file protein38.cif (mmCIF, C-alpha atoms and all ligand atoms)
data_protein
loop_
_atom_site.label_atom_id
_atom_site.label_comp_id
_atom_site.auth_asym_id
_atom_site.auth_seq_id
_atom_site.Cartn_x
_atom_site.Cartn_y
_atom_site.Cartn_z
CA MET F 1 0.00 0.00 0.00
CA GLU F 2 1.20 3.47 -0.82
CA LEU F 3 1.02 6.81 0.90
CA ASN F 4 -1.90 8.63 2.32
CA ASN F 5 -1.10 12.07 1.01
CA THR F 6 -4.14 12.52 -1.18
CA GLU F 7 -7.33 14.34 -0.34
CA ALA F 8 -9.19 12.26 -2.87
CA GLY F 9 -12.23 11.89 -0.63
CA GLN F 10 -14.33 8.81 -1.30
CA TRP F 11 -11.71 7.30 -3.65
CA GLN F 12 -9.05 5.55 -1.63
CA VAL F 13 -5.56 5.55 -3.08
CA ALA F 14 -4.26 1.98 -3.41
CA GLU F 15 -0.81 1.96 -5.00
CA LYS F 16 1.42 4.04 -7.26
CA ILE F 17 1.55 2.33 -10.64
CA TYR F 18 3.49 4.91 -12.61
CA GLU F 19 5.78 7.86 -12.07
CA GLY F 20 6.71 9.92 -15.11
CA LYS F 21 8.49 13.21 -15.62
CA ALA F 22 5.53 15.38 -14.60
CA LYS F 23 2.90 13.07 -13.08
CA GLN F 24 2.25 10.11 -10.83
CA ILE F 25 -0.61 7.66 -11.28
CA TYR F 26 -2.31 5.77 -8.44
CA THR F 27 -4.87 3.00 -8.54
CA THR F 28 -7.98 3.45 -6.40
CA ASN F 29 -10.54 1.24 -4.70
CA ASP F 30 -12.48 1.38 -8.02
CA PRO F 31 -10.61 -0.79 -10.59
CA ASP F 32 -11.83 1.42 -13.46
CA LEU F 33 -10.52 4.68 -11.99
CA VAL F 34 -7.07 6.09 -11.30
CA ILE F 35 -5.87 9.26 -9.61
CA ILE F 36 -3.37 11.37 -11.56
CA ARG F 37 -1.18 13.64 -9.45
CA TYR F 38 0.60 16.57 -11.11
CA LYS F 39 4.16 17.35 -9.96
CA ASP F 40 6.17 20.57 -10.20
CA ASP F 41 9.05 18.86 -12.06
CA ALA F 42 9.87 20.20 -15.50
CA THR F 43 12.06 18.40 -18.02
CA ALA F 44 13.05 19.15 -21.59
CA TYR F 45 15.22 17.68 -24.33
CA ASN F 46 14.44 14.09 -23.32
CA GLY F 47 15.20 14.73 -19.65
CA ILE F 48 18.56 16.49 -20.14
CA LYS F 49 17.26 19.82 -18.77
CA ARG F 50 15.49 19.56 -15.42
CA ALA F 51 14.03 21.97 -12.88
CA GLN F 52 11.23 22.48 -10.41
CA ILE F 53 8.72 25.18 -11.28
CA GLU F 54 6.79 26.19 -8.19
CA ASN F 55 3.08 25.34 -8.49
CA LYS F 56 3.36 24.13 -12.10
CA GLY F 57 1.58 20.92 -11.10
CA ILE F 58 -1.32 22.88 -9.62
CA LEU F 59 -1.57 25.14 -12.68
CA ASN F 60 -1.41 22.26 -15.16
CA ASN F 61 -3.97 20.23 -13.21
CA LYS F 62 -6.40 23.17 -13.28
CA ILE F 63 -5.69 24.09 -16.92
CA SER F 64 -5.97 20.50 -18.16
CA SER F 65 -9.18 19.96 -16.16
CA ILE F 66 -10.82 22.99 -17.79
CA VAL F 67 -9.66 22.02 -21.29
CA TYR F 68 -10.84 18.43 -20.85
CA GLN F 69 -14.26 19.61 -19.66
CA LYS F 70 -14.56 21.78 -22.77
CA LEU F 71 -13.62 18.84 -24.99
CA GLU F 72 -16.13 16.55 -23.24
CA GLN F 73 -18.84 19.21 -23.74
CA ALA F 74 -17.95 19.25 -27.45
CA GLY F 75 -18.43 15.47 -27.66
CA VAL F 76 -14.84 14.17 -27.39
CA LYS F 77 -14.54 10.97 -25.33
CA THR F 78 -11.78 11.42 -22.74
CA HIS F 79 -10.33 9.79 -19.63
CA PHE F 80 -11.27 12.79 -17.47
CA VAL F 81 -13.80 12.22 -14.67
CA GLN F 82 -13.27 15.15 -12.30
CA GLN F 83 -10.71 17.42 -10.67
CA LEU F 84 -10.32 16.27 -7.06
CA ASN F 85 -8.14 18.98 -5.56
CA ASP F 86 -5.25 21.30 -6.46
CA ARG F 87 -2.95 18.56 -7.74
CA GLU F 88 -5.15 15.56 -8.47
CA GLN F 89 -7.66 14.38 -11.03
CA LEU F 90 -9.82 11.30 -11.12
CA CYS F 91 -9.54 9.61 -14.51
CA ARG F 92 -10.68 6.42 -16.20
CA ARG F 93 -8.15 3.62 -16.25
CA LYS F 94 -6.99 2.74 -19.78
CA ASN F 95 -4.09 1.21 -21.68
CA VAL F 96 -2.21 4.12 -23.17
CA ILE F 97 -1.09 3.53 -26.75
CA PRO F 98 2.67 4.29 -26.85
CA LEU F 99 2.28 6.88 -29.59
CA GLU F 100 2.28 10.68 -29.42
CA PHE F 101 -0.12 12.41 -31.78
CA ILE F 102 0.95 15.95 -32.67
CA ALA F 103 -1.16 18.59 -34.41
CA ARG F 104 0.56 21.66 -35.85
CA ASN F 105 -1.05 24.84 -37.14
CA ILE F 106 2.08 27.01 -37.18
CA ALA F 107 5.64 25.79 -37.73
CA ALA F 108 7.70 25.71 -34.52
CA GLY F 109 10.14 23.63 -32.55
CA SER F 110 11.50 20.38 -33.93
CA MET F 111 9.42 20.41 -37.12
CA ALA F 112 10.50 23.94 -38.08
CA ARG F 113 14.12 22.84 -37.62
CA ARG F 114 13.66 19.55 -39.47
CA LEU F 115 11.96 21.12 -42.51
CA GLY F 116 13.88 24.40 -42.59
CA LEU F 117 10.78 26.51 -41.92
CA ASP F 118 10.82 29.79 -40.00
CA GLU F 119 9.20 29.49 -36.60
CA GLY F 120 5.86 31.27 -36.92
CA HIS F 121 5.26 30.21 -40.54
CA VAL F 122 1.49 29.68 -40.80
CA LEU F 123 0.83 26.26 -42.33
CA SER F 124 -1.67 26.20 -45.22
CA VAL F 125 -3.21 23.06 -43.72
CA PRO F 126 -2.67 21.58 -40.26
CA ILE F 127 0.05 18.93 -40.09
CA TYR F 128 -0.62 15.80 -38.08
CA GLU F 129 2.28 13.65 -36.94
CA ILE F 130 2.78 10.44 -35.01
CA CYS F 131 5.81 9.82 -32.79
CA TYR F 132 6.85 6.51 -31.27
CA LYS F 133 6.90 7.10 -27.49
CA ASN F 134 10.30 5.70 -26.64
CA ASP F 135 12.75 7.76 -24.57
CA ARG F 136 15.72 5.57 -25.57
CA LEU F 137 15.09 6.39 -29.24
CA GLY F 138 14.15 10.03 -28.54
CA ASP F 139 10.47 9.65 -29.58
CA PRO F 140 11.11 9.43 -33.37
CA VAL F 141 8.51 10.64 -35.89
CA ILE F 142 6.93 7.63 -37.60
CA ASN F 143 3.99 7.00 -39.93
CA GLU F 144 0.95 4.75 -39.72
CA SER F 145 2.62 1.74 -41.31
CA HIS F 146 5.54 1.97 -38.87
CA ALA F 147 3.07 2.00 -35.97
CA VAL F 148 1.20 -1.03 -37.30
CA ALA F 149 4.38 -2.95 -38.21
CA LEU F 150 5.74 -2.32 -34.70
CA GLY F 151 2.54 -3.85 -33.32
CA LEU F 152 1.53 -0.63 -31.55
CA SER F 153 -1.85 -0.09 -33.21
CA THR F 154 -4.02 -1.04 -36.20
CA PHE F 155 -4.87 0.96 -39.33
CA LEU F 156 -8.49 1.13 -38.17
CA GLU F 157 -7.54 2.44 -34.73
CA LEU F 158 -5.13 4.99 -36.22
CA THR F 159 -7.85 6.28 -38.57
CA GLU F 160 -10.10 6.82 -35.55
CA ALA F 161 -7.29 8.46 -33.55
CA MET F 162 -6.50 10.83 -36.45
CA GLU F 163 -10.18 11.81 -36.78
CA MET F 164 -10.27 12.57 -33.05
CA LEU F 165 -7.03 14.56 -33.35
CA ARG F 166 -8.51 16.70 -36.16
CA LEU F 167 -11.66 17.37 -34.14
CA ILE F 168 -9.67 18.21 -30.98
CA ASN F 169 -7.50 20.62 -32.99
CA GLU F 170 -10.57 22.44 -34.35
CA ILE F 171 -12.17 22.70 -30.90
CA LEU F 172 -8.96 23.92 -29.24
CA ILE F 173 -8.11 26.44 -31.98
CA ASN F 174 -11.50 28.09 -31.34
CA LEU F 175 -11.34 27.78 -27.57
CA PHE F 176 -7.96 29.53 -27.39
CA ALA F 177 -8.68 32.04 -30.19
CA ASN F 178 -11.58 33.36 -28.10
CA LEU F 179 -9.06 34.02 -25.30
CA GLY F 180 -6.60 35.88 -27.53
CA ILE F 181 -4.30 32.87 -27.73
CA THR F 182 -2.95 31.19 -30.87
CA LEU F 183 -2.72 27.39 -30.70
CA VAL F 184 0.58 26.75 -32.49
CA ASP F 185 0.83 23.00 -31.88
CA PHE F 186 0.09 20.36 -29.26
CA LYS F 187 0.59 16.71 -28.37
CA VAL F 188 -2.01 14.22 -27.21
CA GLU F 189 -2.10 10.54 -26.38
CA PHE F 190 -4.93 8.06 -26.63
CA GLY F 191 -5.95 5.25 -24.33
CA ARG F 192 -7.78 2.03 -25.12
CA LEU F 193 -10.61 0.84 -22.89
CA ASP F 194 -11.26 -2.87 -22.39
CA ASP F 195 -13.92 -2.81 -25.15
CA GLY F 196 -11.32 -1.43 -27.57
CA SER F 197 -12.80 2.08 -27.76
CA LEU F 198 -10.43 5.04 -27.81
CA ILE F 199 -10.38 7.90 -25.33
CA LEU F 200 -8.23 10.98 -25.14
CA ALA F 201 -5.61 10.62 -22.38
CA ASP F 202 -2.73 12.51 -20.75
CA GLU F 203 -2.75 16.26 -20.12
CA LEU F 204 -3.43 19.30 -22.27
CA SER F 205 -1.51 22.17 -20.72
CA PRO F 206 1.29 24.64 -21.51
CA ASP F 207 3.63 21.65 -21.03
CA THR F 208 2.11 19.93 -24.07
CA CYS F 209 0.79 22.82 -26.19
CA ARG F 210 2.53 25.80 -27.76
CA LEU F 211 0.36 28.80 -26.92
CA TRP F 212 1.22 32.30 -28.15
CA ASP F 213 -0.49 35.54 -27.25
CA SER F 214 -2.29 36.38 -30.50
CA GLU F 215 -1.39 40.11 -30.34
CA THR F 216 2.16 40.14 -29.00
CA LEU F 217 3.20 36.57 -30.02
CA GLU F 218 4.57 36.19 -26.49
CA ARG F 219 5.22 32.53 -25.67
CA LEU F 220 2.89 31.37 -22.88
CA ASP F 221 4.07 27.75 -22.70
CA LYS F 222 6.94 25.41 -21.89
CA ASP F 223 9.20 27.05 -24.48
CA ARG F 224 9.80 29.69 -21.76
CA PHE F 225 11.49 26.89 -19.78
CA ARG F 226 13.10 25.09 -22.76
CA ARG F 227 14.63 28.33 -24.06
CA ASP F 228 15.36 30.07 -20.73
CA LEU F 229 12.95 32.93 -21.52
CA GLY F 230 12.08 33.42 -17.82
CA ARG F 231 8.68 34.03 -16.17
CA VAL F 232 7.59 30.41 -16.77
CA GLY F 233 5.09 30.24 -13.89
CA GLU F 234 3.62 33.62 -14.83
CA ALA F 235 2.92 32.40 -18.37
CA TYR F 236 1.10 29.29 -17.09
CA GLU F 237 -0.86 31.53 -14.68
CA GLU F 238 -1.87 33.76 -17.58
CA ILE F 239 -3.25 30.75 -19.48
CA LEU F 240 -5.25 29.65 -16.42
CA LYS F 241 -6.53 33.21 -15.85
CA ARG F 242 -7.83 33.48 -19.42
CA LEU F 243 -9.40 29.99 -19.34
CA SER F 244 -11.11 30.74 -16.04
N1 LIG J 301 5.32 17.77 -27.08
C1 LIG J 301 5.03 17.16 -25.87
N2 LIG J 301 5.78 16.09 -25.46
C2 LIG J 301 6.78 15.57 -26.19
C3 LIG J 301 7.09 16.18 -27.42
C4 LIG J 301 6.34 17.27 -27.83
O1 LIG J 301 4.09 17.57 -25.18
O2 LIG J 301 7.40 14.59 -25.77
C5 LIG J 301 4.53 18.91 -27.54
C6 LIG J 301 5.30 20.21 -27.48
O3 LIG J 301 5.07 20.89 -26.27
C7 LIG J 301 4.73 20.97 -28.64
C8 LIG J 301 4.35 19.89 -29.65
O4 LIG J 301 4.22 18.70 -28.89
O5 LIG J 301 3.56 21.66 -28.25
C9 LIG J 301 5.35 19.71 -30.75
O6 LIG J 301 6.63 19.56 -30.19
P1 LIG J 301 7.93 19.42 -31.09
O7 LIG J 301 7.87 18.16 -31.87
O8 LIG J 301 8.14 20.68 -31.83
O9 LIG J 301 9.06 19.14 -30.05
P2 LIG J 301 10.09 20.05 -29.30
O10 LIG J 301 10.31 21.30 -30.07
O11 LIG J 301 9.43 20.25 -27.98
O12 LIG J 301 11.27 19.16 -29.23
#
call {"tool": "encode", "arguments": {"input": "protein38.cif", "output": "structure tokens"}}
result
Amino acid sequence: MELNNTEAGQWQVAEKIYEGKAKQIYTTNDPDLVIIRYKDDATAYNGIKRAQIENKGILNNKISSIVYQKLEQAGVKTHFVQQLNDREQLCRRKNVIPLEFIARNIAAGSMARRLGLDEGHVLSVPIYEICYKNDRLGDPVINESHAVALGLSTFLELTEAMEMLRLINEILINLFANLGITLVDFKVEFGRLDDGSLILADELSPDTCRLWDSETLERLDKDRFRRDLGRVGEAYEEILKRLS
């Protein structure tokens, strides 16, 4: 049995089943539900750069909870059940597919470098990418046939995931545009329930989205940490303030 440091209320924490760079996952007394706890740890460049950003876990928990509620209201099936407290969410238990699905509306980061595009170049159509989630290999970009040949998914499942990714991108572009924020790109993951259906999983926060102020183009996301731009916490707070 693990700790007792959660205020999860009626859901009893059973054991820690996962600890990643930014989150911990605990089983509960309900086998279909887990508690996700957001930490203040920040990492970049595959774990090479590390720091603690005070209250980042609280901000990301609140931001991701709001975004997930908006997606659920728009009809996207997700793992989100409810925000429990400052750092914890109750979520459905699922098998996470070891793929990262990235949507890009504006060239930035690794893709801008790879394709020789200026950061900020507005793409004529959104670009959707798949990466193989594998720290040892540095999460390489792959395509559908790689994912199927590696036994990670099926063509049918990937078609469904890509449709969900397109819909999520449209919903989030509008959500953030109404707050004066440009959604440059973001990463999501999908989980599989026992009946094989797909749900959106993991967080949607300034750790996983590039968010620029639409007027000033100020970076309001993890690039402030990656690139030592300063005022990281303030940027995350600004995102939460606008979403609230
Ligand atoms: N991203 C993420 N986790 C990853 C890789 C990327 O959340 O392991 C997000 C990142 O924050 C950005 C988008 O996915 O919003 C595209 O990231 P990119 O491939 O440009 O990678 P980076 O420049 O961070 O290396």
call {"tool": "residues_near_point", "arguments": {"input": "protein38.cif", "point": "(-15.5, 5.7, -1.3)", "cutoff": "9 Å", "atoms": "all atoms listed in the file", "output": "JSON, numbers by chain"}}
result
{"F": [9, 10, 11, 12, 29, 30]}
call {"tool": "residues_around", "arguments": {"input": "protein38.cif", "residues": "Leu33 of chain F", "least_positions_apart": "4", "cutoff": "10 Å", "atoms": "all atoms listed in the file", "output": "ChimeraX atom specification"}}
result
/F:11,26-29,79-81,90-94
call {"tool": "residues_near_ligand", "arguments": {"input": "protein38.cif", "ligand": "ligand LIG 301 (chain J)", "cutoff": "6 Å", "atoms": "all atoms listed in the file", "output": "PDB file with C-alpha atoms, in the coordinates of the input"}}
result
ATOM      1  CA  ILE F 102       0.950  15.950 -32.670  1.00  0.00           C
ATOM      2  CA  ALA F 108       7.700  25.710 -34.520  1.00  0.00           C
ATOM      3  CA  GLY F 109      10.140  23.630 -32.550  1.00  0.00           C
ATOM      4  CA  SER F 110      11.500  20.380 -33.930  1.00  0.00           C
ATOM      5  CA  MET F 111       9.420  20.410 -37.120  1.00  0.00           C
ATOM      6  CA  ASP F 185       0.830  23.000 -31.880  1.00  0.00           C
ATOM      7  CA  PHE F 186       0.090  20.360 -29.260  1.00  0.00           C
ATOM      8  CA  LYS F 187       0.590  16.710 -28.370  1.00  0.00           C
ATOM      9  CA  ASP F 207       3.630  21.650 -21.030  1.00  0.00           C
ATOM     10  CA  THR F 208       2.110  19.930 -24.070  1.00  0.00           C
ATOM     11  CA  CYS F 209       0.790  22.820 -26.190  1.00  0.00           C
ATOM     12  CA  ARG F 210       2.530  25.800 -27.760  1.00  0.00           C
TER      13      ARG F 210
END
call {"tool": "closest_residue", "arguments": {"input": "protein38.cif", "among": "F:Val96, F:Gln24, F:Glu88, F:Arg114", "to": "Leu59 of chain F", "atoms": "all atoms listed in the file"}}
result
F:Glu88
call {"tool": "closest_residue", "arguments": {"input": "protein38.cif", "among": "F:Ile173, F:Leu156, F:Ile36, F:Leu220", "to": "Leu84 of chain F", "atoms": "all atoms listed in the file"}}
result
F:Ile36
call {"tool": "closest_residue", "arguments": {"input": "protein38.cif", "among": "F:Met164, F:Phe101, F:Glu215, F:Arg37", "to": "Asp86 of chain F", "atoms": "only C-alpha atoms"}}
result
F:Arg37
